[in-house]
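> One file: input21.txt (compact mmCIF, C-alpha atoms).
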# COMPACT_ATOMS: atom_id res chain seq x y z
CA MET A 11 -26.52 53.28 -18.47
CA THR A 12 -30.05 54.06 -19.59
CA PRO A 13 -30.98 53.84 -23.30
CA GLU A 14 -30.64 57.63 -23.49
CA ARG A 15 -27.13 57.56 -22.04
CA LEU A 16 -26.12 54.74 -24.34
CA ALA A 17 -27.36 56.81 -27.28
CA LEU A 18 -25.36 59.79 -26.00
CA ARG A 19 -22.27 57.61 -25.65
CA ASP A 20 -22.62 56.37 -29.21
CA ALA A 21 -23.20 59.89 -30.54
CA VAL A 22 -20.13 61.30 -28.80
CA ARG A 23 -17.99 58.31 -29.77
CA GLY A 24 -19.03 58.58 -33.40
CA MET A 25 -18.30 62.31 -33.45
CA LEU A 26 -14.85 61.79 -31.92
CA ASP A 27 -14.07 58.99 -34.38
CA ARG A 28 -14.83 61.36 -37.23
CA HIS A 29 -13.45 64.66 -36.00
CA SER A 30 -10.96 64.17 -33.17
CA ASP A 31 -7.32 64.85 -34.06
CA VAL A 32 -5.42 64.84 -30.79
CA ARG A 33 -2.09 66.04 -32.10
CA ALA A 34 -3.60 68.88 -34.10
CA ALA A 35 -5.57 69.95 -31.02
CA ILE A 36 -2.41 69.94 -28.89
CA GLU A 37 -0.78 72.36 -31.31
CA ALA A 38 -3.83 74.63 -31.59
CA PRO A 39 -3.55 78.07 -29.90
CA HIS A 40 -6.31 77.22 -27.40
CA GLY A 41 -5.19 73.63 -26.88
CA HIS A 42 -8.36 72.15 -28.34
CA ASP A 43 -10.40 71.98 -31.54
CA LYS A 44 -12.94 74.82 -31.33
CA ALA A 45 -15.20 73.32 -34.01
CA LEU A 46 -15.32 69.98 -32.21
CA TRP A 47 -16.07 71.70 -28.91
CA ALA A 48 -18.98 73.53 -30.57
CA ARG A 49 -20.34 70.21 -31.84
CA LEU A 50 -20.11 68.68 -28.36
CA CYS A 51 -22.00 71.63 -26.89
CA ASP A 52 -24.69 71.23 -29.56
CA ILE A 53 -25.14 67.60 -28.51
CA GLY A 54 -25.74 68.82 -24.97
CA VAL A 55 -22.96 67.30 -22.87
CA LEU A 56 -22.82 70.08 -20.27
CA PRO A 57 -24.85 69.64 -17.06
CA ILE A 58 -26.83 72.86 -17.38
CA PRO A 59 -30.61 73.02 -16.78
CA GLU A 60 -32.91 73.93 -19.64
CA GLU A 61 -34.03 77.09 -17.82
CA TYR A 62 -30.48 78.40 -18.24
CA GLY A 63 -30.07 77.49 -21.89
CA GLY A 64 -28.78 73.96 -21.43
CA SER A 65 -30.05 70.69 -22.81
CA GLY A 66 -31.15 69.45 -19.41
CA ALA A 67 -28.33 66.92 -19.18
CA GLY A 68 -27.22 66.00 -15.70
CA LEU A 69 -23.92 64.97 -14.23
CA PRO A 70 -24.40 61.30 -15.24
CA GLU A 71 -24.66 62.34 -18.90
CA THR A 72 -21.60 64.58 -18.60
CA ARG A 73 -19.65 61.71 -17.09
CA VAL A 74 -20.59 59.55 -20.08
CA ALA A 75 -19.17 62.23 -22.39
CA LEU A 76 -16.04 62.58 -20.26
CA GLY A 77 -15.49 58.84 -20.50
CA GLU A 78 -15.56 59.10 -24.30
CA LEU A 79 -13.17 62.05 -24.30
CA GLY A 80 -10.90 60.01 -22.06
CA ARG A 81 -10.94 57.11 -24.51
CA THR A 82 -9.46 59.23 -27.26
CA LEU A 83 -7.54 61.68 -25.02
CA THR A 84 -9.31 64.44 -26.95
CA PRO A 85 -8.45 67.85 -25.48
CA ALA A 86 -11.68 69.70 -24.65
CA PRO A 87 -12.77 72.14 -21.93
CA LEU A 88 -15.66 69.94 -20.78
CA LEU A 89 -14.26 69.21 -17.32
CA ALA A 90 -13.38 72.87 -16.70
CA SER A 91 -16.76 74.20 -17.82
CA THR A 92 -18.59 71.48 -15.89
CA LEU A 93 -16.93 72.46 -12.61
CA ALA A 94 -17.57 76.16 -13.19
CA SER A 95 -21.24 75.55 -14.00
CA GLN A 96 -21.73 73.36 -10.94
CA ALA A 97 -20.07 75.92 -8.69
CA LEU A 98 -22.44 78.56 -10.11
CA LEU A 99 -25.51 76.42 -9.56
CA ALA A 100 -24.42 75.57 -6.02
CA SER A 101 -23.98 79.26 -5.18
CA GLY A 102 -27.73 79.80 -5.44
CA ASN A 103 -27.24 83.10 -7.29
CA VAL A 104 -30.13 83.12 -9.77
CA GLU A 105 -28.99 86.34 -11.47
CA ALA A 106 -25.47 85.04 -12.06
CA CYS A 107 -26.79 81.70 -13.33
CA ALA A 108 -29.16 83.41 -15.74
CA ARG A 109 -26.33 85.64 -17.00
CA LEU A 110 -23.45 83.17 -17.23
CA LEU A 111 -24.84 79.66 -17.73
CA PRO A 112 -26.38 80.35 -21.17
CA ARG A 113 -22.96 81.56 -22.30
CA ILE A 114 -21.34 78.37 -21.02
CA ALA A 115 -24.04 76.22 -22.64
CA GLY A 116 -23.37 78.06 -25.90
CA GLY A 117 -19.72 77.04 -25.88
CA GLU A 118 -17.90 79.82 -24.05
CA ILE A 119 -15.18 78.33 -21.87
CA ALA A 120 -15.54 78.76 -18.13
CA ALA A 121 -12.75 78.07 -15.67
CA LEU A 122 -12.74 77.68 -11.92
CA ALA A 123 -9.64 78.96 -10.13
CA TRP A 124 -9.82 76.70 -7.16
CA PRO A 125 -7.00 76.44 -4.61
CA TRP A 126 -8.13 72.95 -3.68
CA ALA A 127 -5.21 72.65 -1.25
CA ALA A 128 -6.53 75.50 0.87
CA GLY A 129 -9.69 75.86 2.87
CA ASP A 130 -11.48 72.68 1.86
CA GLY A 131 -10.30 70.31 4.55
CA VAL A 132 -7.88 68.42 2.33
CA THR A 133 -4.52 69.77 3.40
CA ALA A 134 -2.71 73.01 4.07
CA ALA A 135 -1.52 75.14 1.17
CA PRO A 136 2.21 74.81 0.49
CA PRO A 137 4.35 77.92 1.13
CA ASP A 138 4.75 78.73 -2.57
CA HIS A 139 1.01 78.44 -3.21
CA PRO A 140 -0.62 81.43 -1.47
CA GLU A 141 -4.27 81.27 -0.63
CA ILE A 142 -6.85 83.47 -2.32
CA THR A 143 -7.83 86.29 -0.01
CA THR A 144 -10.37 89.11 -0.18
CA ALA A 145 -10.75 92.25 1.86
CA ALA A 146 -14.54 91.88 1.91
CA SER A 147 -17.40 90.79 -0.30
CA GLY A 148 -16.87 92.51 -3.62
CA GLY A 149 -13.39 93.60 -2.59
CA PRO A 150 -10.11 92.91 -4.32
CA LEU A 151 -8.86 89.37 -4.81
CA GLU A 152 -5.24 88.59 -4.00
CA GLY A 153 -3.23 85.41 -4.45
CA SER A 154 -2.56 82.80 -7.08
CA VAL A 155 -3.81 79.42 -8.17
CA ARG A 156 -1.84 76.90 -10.19
CA TYR A 157 -3.03 74.10 -12.46
CA VAL A 158 -6.32 75.78 -13.39
CA LEU A 159 -8.07 73.81 -16.12
CA ASP A 160 -8.24 75.93 -19.29
CA GLY A 161 -7.57 78.97 -17.11
CA ASP A 162 -5.63 80.94 -19.70
CA THR A 163 -8.24 80.71 -22.46
CA ALA A 164 -11.47 80.92 -20.46
CA GLU A 165 -13.94 83.69 -21.27
CA ILE A 166 -15.55 83.28 -17.85
CA LEU A 167 -13.34 83.03 -14.78
CA LEU A 168 -14.70 82.07 -11.39
CA VAL A 169 -12.57 82.10 -8.25
CA THR A 170 -13.06 80.63 -4.81
CA ASP A 171 -11.15 81.16 -1.60
CA GLY A 172 -12.68 77.99 -0.17
CA VAL A 173 -15.48 79.97 1.51
CA SER A 174 -17.12 82.10 -1.18
CA LEU A 175 -17.43 82.09 -4.96
CA TYR A 176 -16.48 85.15 -7.02
CA GLU A 177 -16.53 86.24 -10.63
CA ALA A 178 -13.12 87.74 -11.32
CA ASP A 179 -12.58 90.89 -13.34
CA PRO A 180 -10.15 89.90 -16.12
CA ALA A 181 -8.40 93.26 -15.72
CA GLY A 182 -7.13 92.15 -12.33
CA VAL A 183 -5.97 88.70 -13.40
CA THR A 184 -2.68 87.57 -14.88
CA ARG A 185 -2.99 84.24 -16.67
CA SER A 186 -0.30 82.11 -18.25
CA HIS A 187 -0.25 78.71 -19.88
CA THR A 188 1.53 76.05 -17.83
CA PRO A 189 3.37 73.45 -19.94
CA ALA A 190 2.82 70.03 -18.40
CA MET A 191 3.92 66.45 -18.88
CA ASP A 192 0.49 65.69 -20.35
CA PRO A 193 0.15 67.81 -23.52
CA THR A 194 -3.52 66.86 -23.90
CA ARG A 195 -4.55 68.72 -20.71
CA ARG A 196 -4.61 72.53 -20.82
CA LEU A 197 -3.43 74.01 -17.51
CA ALA A 198 -2.71 77.56 -16.46
CA SER A 199 -1.45 79.66 -13.59
CA VAL A 200 -3.82 82.40 -12.48
CA ARG A 201 -2.55 85.29 -10.39
CA LEU A 202 -5.01 87.74 -8.87
CA THR A 203 -3.49 91.14 -8.25
CA GLY A 204 -6.19 93.20 -6.60
CA GLY A 205 -8.79 93.35 -9.34
CA ALA A 206 -12.42 93.79 -8.37
CA ALA A 207 -14.38 90.61 -7.81
CA ALA A 208 -18.13 90.16 -7.83
CA TYR A 209 -19.36 88.05 -4.95
CA LEU A 210 -21.65 85.33 -6.29
CA GLY A 211 -22.48 83.29 -3.21
CA PRO A 212 -21.15 80.61 -0.90
CA TRP A 213 -18.67 78.00 -2.09
CA SER A 214 -19.99 74.45 -1.94
CA PRO A 215 -17.46 71.78 -0.86
CA GLY A 216 -19.59 69.36 -2.86
CA VAL A 217 -18.01 70.74 -6.04
CA ARG A 218 -14.83 68.93 -5.02
CA ASP A 219 -16.70 65.62 -4.97
CA ILE A 220 -18.22 66.38 -8.38
CA ALA A 221 -14.72 67.07 -9.69
CA LEU A 222 -13.34 63.78 -8.38
CA ALA A 223 -16.28 61.76 -9.74
CA ALA A 224 -16.10 63.45 -13.14
CA LEU A 225 -12.36 62.93 -13.38
CA SER A 226 -12.72 59.25 -12.47
CA ALA A 227 -15.13 58.76 -15.39
CA GLU A 228 -12.53 60.22 -17.76
CA GLN A 229 -9.82 58.00 -16.24
CA VAL A 230 -11.91 54.86 -16.68
CA GLY A 231 -12.62 55.68 -20.32
CA ALA A 232 -8.92 56.19 -20.99
CA ALA A 233 -7.90 53.03 -19.13
CA ALA A 234 -10.45 50.93 -21.01
CA ARG A 235 -9.22 52.19 -24.37
CA ALA A 236 -5.57 51.71 -23.40
CA LEU A 237 -6.35 48.09 -22.61
CA GLU A 238 -8.24 47.63 -25.90
CA LEU A 239 -5.28 48.98 -27.86
CA THR A 240 -2.91 46.70 -25.96
CA VAL A 241 -5.02 43.62 -26.66
CA GLU A 242 -5.19 44.54 -30.36
CA HIS A 243 -1.41 44.92 -30.46
CA THR A 244 -0.74 41.56 -28.83
CA ARG A 245 -2.96 39.87 -31.42
CA THR A 246 -0.88 41.18 -34.31
CA ARG A 247 2.64 41.43 -32.90
CA VAL A 248 4.46 38.20 -33.72
CA GLN A 249 7.48 36.74 -31.93
CA PHE A 250 8.85 33.21 -32.26
CA GLY A 251 6.29 32.63 -35.00
CA LYS A 252 3.27 33.34 -32.78
CA PRO A 253 1.22 36.39 -31.76
CA ILE A 254 2.53 37.48 -28.37
CA GLY A 255 -1.05 37.53 -27.07
CA SER A 256 -1.03 33.74 -27.24
CA PHE A 257 1.63 33.52 -24.52
CA GLN A 258 0.16 32.52 -21.19
CA ALA A 259 2.06 35.10 -19.18
CA LEU A 260 0.63 37.98 -21.22
CA LYS A 261 -2.86 36.49 -21.14
CA HIS A 262 -2.76 36.50 -17.34
CA ARG A 263 -1.53 40.08 -17.21
CA MET A 264 -4.23 41.32 -19.58
CA ALA A 265 -6.91 39.42 -17.65
CA ASP A 266 -5.74 41.16 -14.48
CA LEU A 267 -5.91 44.52 -16.26
CA HIS A 268 -9.46 43.79 -17.43
CA VAL A 269 -10.52 43.14 -13.84
CA LEU A 270 -8.79 46.35 -12.77
CA VAL A 271 -10.60 48.42 -15.40
CA GLU A 272 -14.01 46.98 -14.57
CA THR A 273 -13.60 47.47 -10.81
CA ALA A 274 -12.46 51.04 -11.50
CA ARG A 275 -15.62 51.51 -13.58
CA SER A 276 -17.70 50.34 -10.64
CA ALA A 277 -15.88 52.69 -8.28
CA SER A 278 -16.48 55.61 -10.64
CA LEU A 279 -20.18 54.86 -11.08
CA ALA A 280 -20.57 54.59 -7.30
CA ALA A 281 -19.03 58.03 -6.66
CA VAL A 282 -22.02 59.92 -5.26
CA ASP A 283 -20.79 61.41 -1.97
CA GLU A 284 -17.67 62.58 -0.18
CA VAL A 285 -16.33 59.15 0.74
CA SER A 286 -17.17 57.34 -2.50
CA ALA A 287 -15.77 60.22 -4.60
CA ALA A 288 -12.47 60.03 -2.72
CA VAL A 289 -12.42 56.25 -3.18
CA ALA A 290 -13.02 56.68 -6.92
CA LYS A 291 -10.22 59.24 -7.17
CA VAL A 292 -7.72 56.92 -5.47
CA TYR A 293 -8.73 53.68 -7.18
CA CYS A 294 -9.24 55.04 -10.70
CA SER A 295 -5.99 57.01 -10.60
CA GLU A 296 -3.98 53.95 -9.62
CA ALA A 297 -5.85 51.64 -12.00
CA PHE A 298 -5.33 53.94 -14.99
CA PHE A 299 -1.63 54.34 -14.25
CA LYS A 300 -1.19 50.56 -13.96
CA VAL A 301 -2.97 49.93 -17.28
CA ALA A 302 -1.04 52.70 -19.06
CA ALA A 303 2.30 51.44 -17.71
CA GLU A 304 1.52 47.91 -18.89
CA MET A 305 0.45 49.31 -22.24
CA VAL A 306 3.89 50.85 -22.72
CA GLN A 307 5.67 47.70 -21.62
CA MET A 308 3.66 45.33 -23.81
CA HIS A 309 4.05 47.54 -26.87
CA GLY A 310 7.81 47.58 -26.48
CA GLY A 311 10.02 50.22 -28.07
CA ILE A 312 7.31 51.60 -30.37
CA ALA A 313 5.39 52.85 -27.32
CA ILE A 314 7.91 55.58 -26.57
CA THR A 315 7.95 57.03 -30.09
CA TRP A 316 6.07 60.28 -30.65
CA GLU A 317 3.98 58.74 -33.43
CA HIS A 318 2.40 56.12 -31.14
CA ASP A 319 -0.32 57.00 -28.62
CA ALA A 320 0.90 54.79 -25.76
CA HIS A 321 3.09 57.48 -24.23
CA LEU A 322 0.16 59.92 -24.33
CA TYR A 323 -1.96 57.54 -22.26
CA LEU A 324 0.87 57.19 -19.73
CA LYS A 325 1.27 60.97 -19.50
CA ARG A 326 -2.48 61.45 -19.07
CA ALA A 327 -2.49 58.79 -16.34
CA HIS A 328 0.29 60.55 -14.48
CA GLY A 329 -1.25 64.01 -14.84
CA SER A 330 -4.81 63.04 -13.94
CA GLY A 331 -3.51 61.11 -10.93
CA GLN A 332 -2.18 64.39 -9.48
CA LEU A 333 -5.11 66.58 -10.53
CA PHE A 334 -7.32 67.68 -7.60
CA GLY A 335 -4.91 65.99 -5.19
CA SER A 336 -2.79 62.87 -5.40
CA PRO A 337 -4.10 59.45 -4.32
CA GLN A 338 -2.04 59.81 -1.13
CA VAL A 339 -3.82 63.07 -0.24
CA HIS A 340 -7.21 61.45 -0.63
CA LEU A 341 -6.18 58.31 1.25
CA GLU A 342 -5.38 60.58 4.18
CA ARG A 343 -8.80 62.23 3.74
CA LEU A 344 -10.47 58.84 3.72
CA ALA A 345 -8.70 57.88 6.91
CA ARG A 346 -10.00 61.02 8.62
CA LEU A 347 -13.50 60.63 7.22
CA THR A 348 -13.85 57.00 8.23
CA ARG A 349 -12.46 57.67 11.71
CA GLY A 350 -14.94 60.49 12.14
How does the structure come out when it is put into structure tokens?

Amino acid sequence: MTPERLALRDAVRGMLDRHSDVRAAIEAPHGHDKALWARLCDIGVLPIPEEYGGSGAGLPETRVALGELGRTLTPAPLLASTLASQALLASGNVEACARLLPRIAGGEIAALAWPWAAGDGVTAAPPDHPEITTAASGGPLEGSVRYVLDGDTAEILLVTDGVSLYEADPAGVTRSHTPAMDPTRRLASVRLTGGAAAYLGPWSPGVRDIALAALSAEQVGAAARALELTVEHTRTRVQFGKPIGSFQALKHRMADLHVLVETARSASLAAVDEVSAAVAKVYCSEAFFKVAAEMVQMHGGIAITWEHDAHLYLKRAHGSGQLFGSPQVHLERLARLTRG
């Protein structure tokens, strides 16, 4: 955390404190606050080089911003647009970068329809999840992808079959919002029905590692805030004439959660390659879920009311744990990678 990144963290945190309204964003037609997203883009949280209209921020700066969005559970298309921009940059297509990245830097939403379960060495695609196929470069795209981040509202839609990267023609795409357990995460199903696709370049498997590392930063931010809220609650909730935080059993549990959050933070910061990104995905997913589950338990009955945020943290923990592959999937990957 350089002084510049600390300043970015404080700027994003201050903006979210002033302008983030999670429940209003959930109910918005696009699933996020457009004005807030524009402000975030003005700060320069997207990892887009200056030559393509960006602020020059890199992935470490974007991960700082994702951690702050995770703290508040603020719905925003930062993760989706980050993955799309990184896939574009990795393709090496200068013309496409010059045409699309300034639009993304300006706030247009970009989505990456990425059948992560097919063609990337993770696992085979399930029978009801057909792979993306093309007749040839520039030919029609066929197939479907589920759980595409912000896929139904994106102005720019990129698609990969695990080998190449394409820009999809919206006329050949059917997109629909996918209701999920976590209402703060906008997901969509994208079905490609033979529309023309512009070949952009090769698909880089490294985008998967970027996705896992970026997601882990968001998970750590959310877990840290969930623990802070739990500690605050135990200081004010009184039973038997004392704050429940004074009871030794709860002190021990919260101390264990603090250790869990800080080791998850270390795992996330260390995610720089294929192995460490998979480790971060597994550890941060499980750490966040543990903290969120304890948050609900220590808050008691109020935690499961709609008005309280505890249930939202638990839902985000569950949803983010499955995003880009469950911990079990990546444990199996790690076993293969370390054997190899």
> First collect every listed atom of stretch 171-187 of chain A; then fit an axis-aligned box around them, widen it by 5 Å on each side, and give centre and edge lengths in Å to one decimal, as lines of an AutoDock Vina configuration file.

center_x = -8.8
center_y = 85.6
center_z = -9.2
size_x = 27.2
size_y = 25.3
size_z = 31.4
> Residues within 8 Å of stretch 308-318 of chain A, please, as a ChimeraX atom specification. Count only C-alpha atoms; anything in the same chain fewer than 6 positions from it doesn't count.
/A:240,243-244
> Using only C-alpha atoms, which residues sit within 8 Å of stretch 111-116 of chain A once same-chain residues fewer than 3 positions away are excluded, as a PyMOL selection string?
chain A and resi 48+51-52+54+56+58+62-64+91+95+106-108+119-120
> Here is a test: counting all atoms listed in the file, which residue of A:Ala259, A:Met305, A:Arg73, A:Ile166 is nearest to A:Arg109?
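Looking only at the distances to A:Arg109, the closest residue turns out to be A:Ile166.
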> Counting all atoms listed in the file, which residues have an atom no more than 9 Å from (-3.0, 71.4, -30.5) in the file's coordinates? Please list them as a ChimeraX atom specification.
/A:31-43,85,193-194
> Under the rule that all atoms listed in the file are counted, which of A:Pro59, A:Pro189, A:Gly80, A:Gly102 is the nearest residue to A:Ser226?
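Selected residue with least distance to A:Ser226: A:Gly80.
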> Figure out the distance between atom CA of A:Val292 and atom CA of A:Glu78, please, to one decimal in Å.
20.5 Å
> Suppose you want the space between atom CA of A:Thr84 and atom CA of A:Leu197; what is it in Å?
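One can read the atom CA of A:Thr84 to atom CA of A:Leu197 distance as 14.7 Å.
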> Neighbourhood query: residues within 12 Å of (-24.1, 57.0, -28.2), file coordinates, counting all atoms listed in the file; return as number ranges by chain.
A: 11-27, 53, 55, 71, 74-75, 77-78
> Which value, in Å to one decimal, gives the distance between atom CA of A:Ala206 and atom CA of A:Val155?
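According to the coordinates, atom CA of A:Ala206 and atom CA of A:Val155 are separated by 16.8 Å.
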> When you count only C-alpha atoms, which of these residues is closest to A:Val169: A:Phe298, A:Tyr157, A:Tyr209, A:Phe257?
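Ranked by minimum distance to A:Val169, first place goes to A:Tyr209.
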> For A:Leu344, which residue among A:Val285, A:Leu237, A:Leu322, A:Ala327 is the nearest when counting all atoms listed in the file?
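When distances to A:Leu344 are compared using all atoms listed in the file, the smallest one comes from A:Val285.
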> For each of A:Lys44, A:Arg156, A:Arg343, A:Lys300, take the minimum atom-to-atom distance to A:Trp126, counting all atoms listed in the file, then give the residue where this is smallest.
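Once distances to A:Trp126 are computed over all atoms listed in the file, the minimum belongs to A:Arg156.
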> Measuring between all atoms listed in the file, which one of A:Ala67, A:Leu159, A:Ala100, A:Val173 shows the shortest distance to A:Ser186?
A:Leu159
> Tell me, as a PyMOL selection string, which residues lie within 6 Å of A:Pro150, counting all atoms listed in the file; anything in the same chain fewer than 2 positions away does not count.
chain A and resi 144+204-207
> Contacts of A:Ala277 at 8 Å or less, counting only C-alpha atoms, minus same-chain residues fewer than 2 places along, as a PDB file with C-alpha atoms, keeping the file's coordinate frame?

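The resulting file, around.pdb, is shown below:
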ATOM      1  CA  THR A 273     -13.600  47.470 -10.810  1.00  0.00           C
ATOM      2  CA  ALA A 274     -12.460  51.040 -11.500  1.00  0.00           C
ATOM      3  CA  ARG A 275     -15.620  51.510 -13.580  1.00  0.00           C
ATOM      4  CA  LEU A 279     -20.180  54.860 -11.080  1.00  0.00           C
ATOM      5  CA  ALA A 280     -20.570  54.590  -7.300  1.00  0.00           C
ATOM      6  CA  ALA A 281     -19.030  58.030  -6.660  1.00  0.00           C
ATOM      7  CA  SER A 286     -17.170  57.340  -2.500  1.00  0.00           C
ATOM      8  CA  VAL A 289     -12.420  56.250  -3.180  1.00  0.00           C
ATOM      9  CA  ALA A 290     -13.020  56.680  -6.920  1.00  0.00           C
ATOM     10  CA  TYR A 293      -8.730  53.680  -7.180  1.00  0.00           C
ATOM     11  CA  CYS A 294      -9.240  55.040 -10.700  1.00  0.00           C
TER      12      CYS A 294
END
> For A:Leu168, find every residue with an atom within 8 Å (counting only C-alpha atoms), except residues of its own chain fewer than 3 positions away, and show them as a list in words.
Ala94, Ala120, Ala121, Leu122, Ala123, Leu175, Tyr176, Glu177 and Ala178 of chain A
